[in-house]
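Asks: mmCIF, C-alpha atoms and all ligand atoms, saved as input.cif, coming up:
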```cif
data_my_file
#
loop_
_atom_site.label_atom_id
_atom_site.label_comp_id
_atom_site.auth_asym_id
_atom_site.auth_seq_id
_atom_site.Cartn_x
_atom_site.Cartn_y
_atom_site.Cartn_z
CA MET W 1005 71.15 136.58 129.56
CA ALA W 1006 71.01 139.59 127.25
CA ASP W 1007 70.12 142.85 128.95
CA VAL W 1008 67.48 145.14 127.48
CA SER W 1009 69.09 148.17 125.86
CA LEU W 1010 68.02 151.81 126.00
CA ASP W 1011 67.27 151.56 122.26
CA LEU W 1012 64.87 148.66 122.78
CA LEU W 1013 63.13 150.42 125.68
CA THR W 1014 62.77 153.52 123.48
CA GLU W 1015 61.32 151.29 120.77
CA TRP W 1016 58.83 149.94 123.34
CA LEU W 1017 57.40 153.43 123.85
CA ARG W 1018 57.28 154.11 120.10
CA ARG W 1019 55.45 150.84 119.52
CA PHE W 1020 53.02 151.63 122.34
CA GLN W 1021 52.34 155.00 120.70
CA SER W 1022 51.65 153.29 117.41
CA LEU W 1023 49.30 150.70 118.98
CA VAL W 1024 47.47 153.46 120.86
CA ALA W 1025 47.08 155.44 117.63
CA ASP W 1026 45.75 152.33 115.84
CA ASN W 1027 43.30 151.70 118.71
CA ARG W 1028 42.33 155.31 119.37
CA VAL W 1029 38.74 154.92 118.14
CA TYR W 1030 38.30 151.57 119.89
CA LEU W 1031 39.56 152.89 123.24
CA THR W 1032 37.26 155.88 122.96
CA GLU W 1033 34.31 153.59 122.12
CA LEU W 1034 35.00 151.59 125.27
CA ASP W 1035 35.15 154.82 127.28
CA SER W 1036 31.91 156.07 125.71
CA ALA W 1037 30.11 153.04 127.17
CA ILE W 1038 31.21 153.60 130.78
CA GLY W 1039 33.03 156.95 130.88
CA ASP W 1040 33.29 160.21 128.96
CA ALA W 1041 34.48 158.97 125.56
CA ASP W 1042 38.00 160.35 125.67
CA HIS W 1043 40.38 157.54 126.66
CA GLY W 1044 41.59 156.95 123.10
CA ALA W 1045 42.04 160.68 122.50
CA ASN W 1046 43.80 161.12 125.85
CA MET W 1047 46.27 158.29 125.33
CA ASP W 1048 46.88 159.17 121.68
CA ARG W 1049 47.56 162.83 122.48
CA GLY W 1050 49.83 161.86 125.36
CA MET W 1051 51.87 159.23 123.56
CA ALA W 1052 52.19 161.36 120.42
CA ALA W 1053 53.65 164.10 122.65
CA VAL W 1054 56.03 161.57 124.23
CA VAL W 1055 57.32 160.42 120.84
CA ALA W 1056 57.69 164.04 119.70
CA LYS W 1057 59.76 164.82 122.83
CA LEU W 1058 62.02 161.84 122.19
CA GLN W 1059 62.43 162.96 118.58
CA GLU W 1060 63.64 166.39 119.73
CA ALA W 1061 66.46 164.86 121.73
CA PRO W 1062 67.26 161.17 122.07
CA PRO W 1063 67.18 159.83 125.63
CA THR W 1064 70.57 159.73 127.36
CA ALA W 1065 69.77 156.84 129.72
CA VAL W 1066 66.81 154.69 130.72
CA ASP W 1067 65.82 156.97 133.60
CA ASP W 1068 65.85 159.97 131.26
CA LEU W 1069 63.65 158.04 128.77
CA PHE W 1070 60.94 157.10 131.23
CA LYS W 1071 61.03 160.28 133.32
CA ARG W 1072 60.55 162.41 130.21
CA ALA W 1073 57.76 160.13 129.03
CA GLY W 1074 56.07 160.34 132.44
CA MET W 1075 56.36 164.11 132.73
CA THR W 1076 55.02 164.55 129.20
CA LEU W 1077 51.98 162.37 129.94
CA VAL W 1078 51.24 164.24 133.17
CA SER W 1079 51.46 167.60 131.41
CA THR W 1080 49.56 166.72 128.20
CA VAL W 1081 46.75 164.44 129.41
CA GLY W 1082 44.11 166.01 131.62
CA GLY W 1083 42.14 162.83 132.36
CA ALA W 1084 42.75 160.25 135.06
CA SER W 1085 44.96 158.25 132.71
CA GLY W 1086 47.57 161.04 132.30
CA PRO W 1087 48.66 161.22 135.93
CA LEU W 1088 48.30 157.43 136.35
CA TYR W 1089 50.39 156.42 133.32
CA GLY W 1090 52.65 159.42 133.96
CA THR W 1091 53.39 158.31 137.51
CA PHE W 1092 53.91 154.76 136.29
CA PHE W 1093 56.66 155.85 133.89
CA LEU W 1094 58.22 158.35 136.33
CA ARG W 1095 58.59 155.65 138.99
CA LEU W 1096 59.85 153.17 136.43
CA GLY W 1097 62.57 155.64 135.42
CA THR W 1098 63.56 156.40 138.99
CA SER W 1099 63.80 152.69 139.80
CA LEU W 1100 65.94 151.83 136.75
CA GLY W 1101 68.42 154.72 137.20
CA ALA W 1102 70.88 156.24 134.73
CA GLU W 1103 71.73 152.97 132.98
CA SER W 1104 72.20 152.19 129.29
CA SER W 1105 70.65 148.72 129.65
CA VAL W 1106 68.71 146.74 132.26
CA THR W 1107 68.33 143.10 133.26
CA ALA W 1108 64.97 141.33 133.19
CA GLU W 1109 64.87 141.41 136.97
CA ALA W 1110 65.65 145.13 137.15
CA LEU W 1111 62.93 145.79 134.57
CA GLY W 1112 60.49 143.72 136.63
CA ALA W 1113 61.39 145.67 139.78
CA GLY W 1114 61.01 148.94 137.87
CA LEU W 1115 57.57 148.00 136.54
CA ARG W 1116 56.62 147.06 140.11
CA ALA W 1117 57.73 150.51 141.31
CA GLY W 1118 55.51 151.96 138.59
CA LEU W 1119 52.55 149.96 139.84
CA GLU W 1120 53.17 151.27 143.38
CA GLY W 1121 52.94 154.80 141.98
CA VAL W 1122 49.62 154.00 140.28
CA LEU W 1123 48.34 152.62 143.58
CA GLN W 1124 49.45 155.66 145.56
CA ARG W 1125 47.70 157.98 143.12
CA GLY W 1126 44.57 156.01 142.32
CA LYS W 1127 44.08 153.76 145.36
CA ALA W 1128 42.60 151.04 143.15
CA GLU W 1129 42.28 147.49 144.41
CA ALA W 1130 41.99 144.24 142.49
CA GLY W 1131 38.54 143.94 140.92
CA ASP W 1132 37.77 147.70 140.93
CA LYS W 1133 37.66 147.53 137.09
CA THR W 1134 40.67 149.74 136.35
CA MET W 1135 44.03 149.53 134.63
CA TYR W 1136 45.27 147.91 137.84
CA ASP W 1137 43.40 144.73 136.87
CA ALA W 1138 45.60 144.30 133.77
CA LEU W 1139 48.78 145.76 135.26
CA ALA W 1140 49.02 143.74 138.48
CA PRO W 1141 48.66 140.27 136.89
CA ALA W 1142 51.03 141.30 134.08
CA LEU W 1143 53.72 142.17 136.62
CA ASP W 1144 53.17 138.99 138.61
CA ALA W 1145 53.66 137.01 135.41
CA PHE W 1146 56.72 139.05 134.42
CA ASP W 1147 58.36 138.54 137.82
CA GLY W 1148 57.54 134.83 137.88
CA VAL W 1149 59.35 134.24 134.60
CA ALA W 1150 62.27 136.58 135.43
CA ALA W 1151 62.77 135.01 138.89
CA GLY W 1152 62.90 131.57 137.26
CA GLY W 1153 65.81 132.69 135.07
CA GLY W 1154 63.72 133.53 132.01
CA THR W 1155 64.74 136.22 129.56
CA ALA W 1156 63.09 139.65 129.44
CA ALA W 1157 61.45 138.58 126.17
CA GLN W 1158 59.93 135.49 127.80
CA ALA W 1159 58.83 137.55 130.81
CA ALA W 1160 57.24 140.16 128.53
CA HIS W 1161 55.35 137.49 126.62
CA ALA W 1162 53.92 136.04 129.83
CA ALA W 1163 53.09 139.56 131.01
CA PHE W 1164 51.20 140.31 127.79
CA GLU W 1165 49.12 137.14 128.09
CA ALA W 1166 48.32 137.94 131.74
CA ALA W 1167 47.42 141.54 130.86
CA VAL W 1168 44.99 140.31 128.19
CA ALA W 1169 43.38 137.89 130.65
CA GLY W 1170 43.19 140.69 133.25
CA ARG W 1171 41.66 143.05 130.69
CA ASP W 1172 39.05 140.47 129.66
CA ALA W 1173 38.21 139.79 133.31
CA THR W 1174 37.17 143.46 133.77
CA GLU W 1175 34.13 142.99 131.51
CA PRO W 1176 31.64 141.60 134.07
CA LEU W 1177 32.95 143.79 136.92
CA VAL W 1178 31.12 146.71 138.49
CA ALA W 1179 33.48 149.71 138.57
CA ARG W 1180 34.50 151.02 141.98
CA LYS W 1181 37.03 153.66 140.88
CA GLY W 1182 37.11 156.43 138.30
CA ARG W 1183 34.24 157.81 136.22
CA ALA W 1184 32.83 154.36 135.42
CA SER W 1185 32.02 153.95 139.13
CA TYR W 1186 29.36 156.70 138.75
CA LEU W 1187 27.36 154.20 136.66
CA GLY W 1188 27.24 151.60 139.42
CA GLU W 1189 25.79 148.29 138.19
CA ARG W 1190 25.44 149.70 134.65
CA SER W 1191 29.23 149.63 134.31
CA ALA W 1192 29.11 145.81 134.17
CA GLY W 1193 29.21 144.17 130.74
CA HIS W 1194 31.93 146.41 129.26
CA LEU W 1195 35.72 146.15 129.14
CA ASP W 1196 37.57 148.79 131.14
CA PRO W 1197 39.27 151.26 128.76
CA GLY W 1198 42.36 151.70 130.94
CA ALA W 1199 42.85 147.94 131.35
CA THR W 1200 42.58 147.71 127.56
CA SER W 1201 45.30 150.33 126.96
CA THR W 1202 47.46 148.59 129.57
CA ALA W 1203 47.19 145.36 127.58
CA LEU W 1204 48.47 147.36 124.58
CA LEU W 1205 51.43 148.51 126.69
CA PHE W 1206 52.43 144.88 127.28
CA GLN W 1207 51.66 143.90 123.70
CA ALA W 1208 54.16 146.59 122.69
CA LEU W 1209 56.78 145.28 125.14
CA ASP W 1210 56.24 141.69 123.97
CA GLU W 1211 56.52 142.62 120.28
CA THR W 1212 59.58 144.81 120.90
CA LEU W 1213 61.53 142.23 122.88
CA ALA W 1214 60.53 139.35 120.60
CA GLY W 1215 62.48 141.26 117.93
P1 LIG L 1301 38.97 160.10 132.56
O1 LIG L 1301 38.22 159.02 133.30
O2 LIG L 1301 39.44 161.19 133.46
O3 LIG L 1301 38.22 160.60 131.36
P2 LIG L 1301 40.51 158.35 130.86
O4 LIG L 1301 39.23 158.10 130.17
O5 LIG L 1301 41.66 158.73 130.01
O6 LIG L 1301 40.33 159.41 132.02
O7 LIG L 1301 40.96 157.03 131.66
C1 LIG L 1301 40.00 156.20 132.25
C2 LIG L 1301 40.70 154.98 132.82
O8 LIG L 1301 41.53 155.35 133.91
C3 LIG L 1301 39.75 153.95 133.38
O9 LIG L 1301 39.30 153.08 132.37
C4 LIG L 1301 40.59 153.23 134.44
O10 LIG L 1301 41.27 152.12 133.88
C5 LIG L 1301 41.61 154.27 134.81
N1 LIG L 1301 41.35 154.76 136.16
C6 LIG L 1301 40.44 155.69 136.53
N2 LIG L 1301 40.50 155.90 137.86
C7 LIG L 1301 41.48 155.08 138.34
C8 LIG L 1301 42.05 154.81 139.64
N3 LIG L 1301 41.61 155.48 140.72
N4 LIG L 1301 43.04 153.90 139.73
C9 LIG L 1301 43.49 153.25 138.63
N5 LIG L 1301 43.00 153.46 137.40
C10 LIG L 1301 42.02 154.35 137.25
MG MG L 1302 37.52 159.16 129.94
MG MG L 1303 37.94 162.56 130.66
#
```
Can you present the structure in this file as structure tokens?
Replies:
Amino acid sequence: MADVSLDLLTEWLRRFQSLVADNRVYLTELDSAIGDADHGANMDRGMAAVVAKLQEAPPTAVDDLFKRAGMTLVSTVGGASGPLYGTFFLRLGTSLGAESSVTAEALGAGLRAGLEGVLQRGKAEAGDKTMYDALAPALDAFDGVAAGGGTAAQAAHAAFEAAVAGRDATEPLVARKGRASYLGERSAGHLDPGATSTALLFQALDETLAG
């Protein structure tokens, strides 16, 4: 089974940046309904800074790639999403180590380490209407395919579909974490912005690995 190269993982982040830029207005619209109307701006500023950093000096290994991405997000995004996505990428980098390519299973384990970081920081549970609700099912799907001997591309495709389903399932939920929770029952009937950007993260991985 072909491993996923540092170049492809770098391309994943570039593609995520481009999807975030394309969806900047949409993500901010979602956040204007149940938050403070900045999720698109936050993610776009953060990912543009990540891509600029990678342009300055190409990553030397997969841990360098994701640790730099994570640190850049933490330092450039003030909102909840900066530290959450930042921690996700930092933990992913630490888990993968100084490799030049990774197996599907290692990538799955790394994404899982990232999720643990999000949980430690944000303490979200399933159904709280956060990015967790797209991330957790995506990783379960990824691991299921990888454990069954599937390729990283197949795992990423399953993860994207699960992230989309998880994102869509946030619509009727009442938020219990983050700014949207201040609205109580009025947060129901809207997609969660962070779950929506997380679906873009897996769309980017799916598109990148599909070639
Ligand atoms: P802010 O709410 O500080 O303005 P953003 O608008 O950029 O930050 O991000 C909001 C998103 O962050 C939410 O839609 C939700 O998905 C996610 N989020 C907020 N709090 C938490 C948390 N405690 N755990 C996980 N995700 C969270
Ligand atoms: Mg916001
Ligand atoms: Mg904000």
Asks: Write out, as a tab-separated table, each residue of stretch 1161-1211 of chain W that has an atom at most 12 Å from stretch 1009-1014 of chain W, together with the closest pair of atoms and their distance in Å to one decimal, counting all atoms listed in the file, rows going by chain and rising number.
Replies:
```
residue	atom	partner	partner_atom	distance
W:Leu1205	CA	W:Leu1013	CA	11.9
W:Ala1208	CA	W:Leu1013	CA	10.2
W:Leu1209	CA	W:Leu1013	CA	8.2
W:Asp1210	CA	W:Leu1012	CA	11.2
W:Glu1211	CA	W:Leu1012	CA	10.6
```
Asks: Using all atoms listed in the file for the distances, tell me which of W:Leu1069, W:Ser1036, W:Ala1053, W:Thr1174 is nearest to W:Trp1016.
Replies: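 Comparing W:Leu1069, W:Ser1036, W:Ala1053, W:Thr1174 against W:Trp1016, the winner is W:Leu1069.
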Asks: Of the residues W:Thr1212, W:Thr1064, W:Ser1191, W:Thr1134, which is the one nearest to W:Ile1038, using only C-alpha atoms?
Replies: W:Ser1191
Asks: Residues up to 9 Å from ligand LIG 1301 (chain L), counting all atoms listed in the file: could you list those as a VMD selection string?
Replies: chain W and resid 1031 to 1032 1034 to 1036 1038 to 1047 1081 to 1086 1088 to 1089 1122 to 1129 1132 to 1138 1179 to 1185 1195 to 1202
Asks: Selection from above, C-alpha atoms, as a CSV table (one decimal), keeping the file's coordinate frame, can you write it?
Replies:
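Generated output (out.csv):
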```
chain,number,residue,atom,x,y,z
W,1031,LEU,CA,39.6,152.9,123.2
W,1032,THR,CA,37.3,155.9,123.0
W,1034,LEU,CA,35.0,151.6,125.3
W,1035,ASP,CA,35.2,154.8,127.3
W,1036,SER,CA,31.9,156.1,125.7
W,1038,ILE,CA,31.2,153.6,130.8
W,1039,GLY,CA,33.0,157.0,130.9
W,1040,ASP,CA,33.3,160.2,129.0
W,1041,ALA,CA,34.5,159.0,125.6
W,1042,ASP,CA,38.0,160.4,125.7
W,1043,HIS,CA,40.4,157.5,126.7
W,1044,GLY,CA,41.6,157.0,123.1
W,1045,ALA,CA,42.0,160.7,122.5
W,1046,ASN,CA,43.8,161.1,125.8
W,1047,MET,CA,46.3,158.3,125.3
W,1081,VAL,CA,46.8,164.4,129.4
W,1082,GLY,CA,44.1,166.0,131.6
W,1083,GLY,CA,42.1,162.8,132.4
W,1084,ALA,CA,42.8,160.2,135.1
W,1085,SER,CA,45.0,158.2,132.7
W,1086,GLY,CA,47.6,161.0,132.3
W,1088,LEU,CA,48.3,157.4,136.4
W,1089,TYR,CA,50.4,156.4,133.3
W,1122,VAL,CA,49.6,154.0,140.3
W,1123,LEU,CA,48.3,152.6,143.6
W,1124,GLN,CA,49.4,155.7,145.6
W,1125,ARG,CA,47.7,158.0,143.1
W,1126,GLY,CA,44.6,156.0,142.3
W,1127,LYS,CA,44.1,153.8,145.4
W,1128,ALA,CA,42.6,151.0,143.2
W,1129,GLU,CA,42.3,147.5,144.4
W,1132,ASP,CA,37.8,147.7,140.9
W,1133,LYS,CA,37.7,147.5,137.1
W,1134,THR,CA,40.7,149.7,136.4
W,1135,MET,CA,44.0,149.5,134.6
W,1136,TYR,CA,45.3,147.9,137.8
W,1137,ASP,CA,43.4,144.7,136.9
W,1138,ALA,CA,45.6,144.3,133.8
W,1179,ALA,CA,33.5,149.7,138.6
W,1180,ARG,CA,34.5,151.0,142.0
W,1181,LYS,CA,37.0,153.7,140.9
W,1182,GLY,CA,37.1,156.4,138.3
W,1183,ARG,CA,34.2,157.8,136.2
W,1184,ALA,CA,32.8,154.4,135.4
W,1185,SER,CA,32.0,154.0,139.1
W,1195,LEU,CA,35.7,146.2,129.1
W,1196,ASP,CA,37.6,148.8,131.1
W,1197,PRO,CA,39.3,151.3,128.8
W,1198,GLY,CA,42.4,151.7,130.9
W,1199,ALA,CA,42.8,147.9,131.4
W,1200,THR,CA,42.6,147.7,127.6
W,1201,SER,CA,45.3,150.3,127.0
W,1202,THR,CA,47.5,148.6,129.6
```
Asks: List as a compact mmCIF listing (two decimals) with C-alpha atoms, in the frame of the given file the protein and nucleic acid residues near stretch 1159-1170 of chain W, meaning an atom at most 7 Å away when all atoms listed in the file are counted, but skip any in the same chain fewer than 3 places from it.
Replies:
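Output (out-v8.txt):
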```
# COMPACT_ATOMS: atom_id res chain seq x y z
CA ASP W 1137 43.40 144.73 136.87
CA ALA W 1138 45.60 144.30 133.77
CA LEU W 1139 48.78 145.76 135.26
CA PRO W 1141 48.66 140.27 136.89
CA ALA W 1142 51.03 141.30 134.08
CA LEU W 1143 53.72 142.17 136.62
CA ALA W 1145 53.66 137.01 135.41
CA PHE W 1146 56.72 139.05 134.42
CA VAL W 1149 59.35 134.24 134.60
CA ALA W 1150 62.27 136.58 135.43
CA GLY W 1154 63.72 133.53 132.01
CA THR W 1155 64.74 136.22 129.56
CA ALA W 1156 63.09 139.65 129.44
CA ALA W 1173 38.21 139.79 133.31
CA THR W 1174 37.17 143.46 133.77
CA ALA W 1203 47.19 145.36 127.58
CA PHE W 1206 52.43 144.88 127.28
CA GLN W 1207 51.66 143.90 123.70
CA LEU W 1209 56.78 145.28 125.14
CA ASP W 1210 56.24 141.69 123.97
```
Asks: Enclose all atoms of stretch 1026-1044 of chain W listed in the file in an axis-aligned box, grow every side by 5 Å, and hand back centre and edge lengths in Å to one decimal, as JSON.
Replies:
```
{"center_x": 37.9, "center_y": 156.0, "center_z": 123.4, "size_x": 25.6, "size_y": 18.8, "size_z": 25.0}
```
Asks: Check the smallest atom-to-atom distance from each of W:Gly1118, W:Met1075, W:Glu1189, W:Asp1067 to W:Phe1092 using all atoms listed in the file, then report the winner.
Replies: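 Between W:Gly1118, W:Met1075, W:Glu1189, W:Asp1067, the residue approaching W:Phe1092 most closely is W:Gly1118.
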Asks: Kindly indicate which residue among W:Val1029, W:Ala1006, W:Leu1094, W:Leu1017 lies nearest to W:Val1078, using all atoms listed in the file for the distances.
Replies: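 Residue with the minimum atom-to-atom distance to W:Val1078: W:Leu1094.
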Asks: Rank W:Ala1037, W:Ala1061, W:Leu1096, W:Ala1073 by their smallest atom-to-atom distance to ligand MG 1302 (chain L), using only C-alpha atoms and all ligand atoms, and report the top residue only.
Replies: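 Between W:Ala1037, W:Ala1061, W:Leu1096, W:Ala1073, the residue approaching ligand MG 1302 (chain L) most closely is W:Ala1037.
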Asks: Provide the atom MG of ligand MG 1302 (chain L) to atom CA of W:Gly1112 distance in Å, to one decimal place.
Replies: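 Interatomic distance, atom MG of ligand MG 1302 (chain L) to atom CA of W:Gly1112: 28.5 Å.
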Asks: Would you work out the distance separating atom CA of W:Val1106 from atom CA of W:Gln1021, expressed in Å to one decimal?
Replies: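 Separation of atom CA of W:Val1106 and atom CA of W:Gln1021: 21.7 Å.
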Asks: Could you jot down the atom CA of W:Asp1147 to atom CA of W:Gly1121 separation for me, Å, one decimal place?
Replies: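 Rounded to one decimal, the two atoms are 17.6 Å apart.
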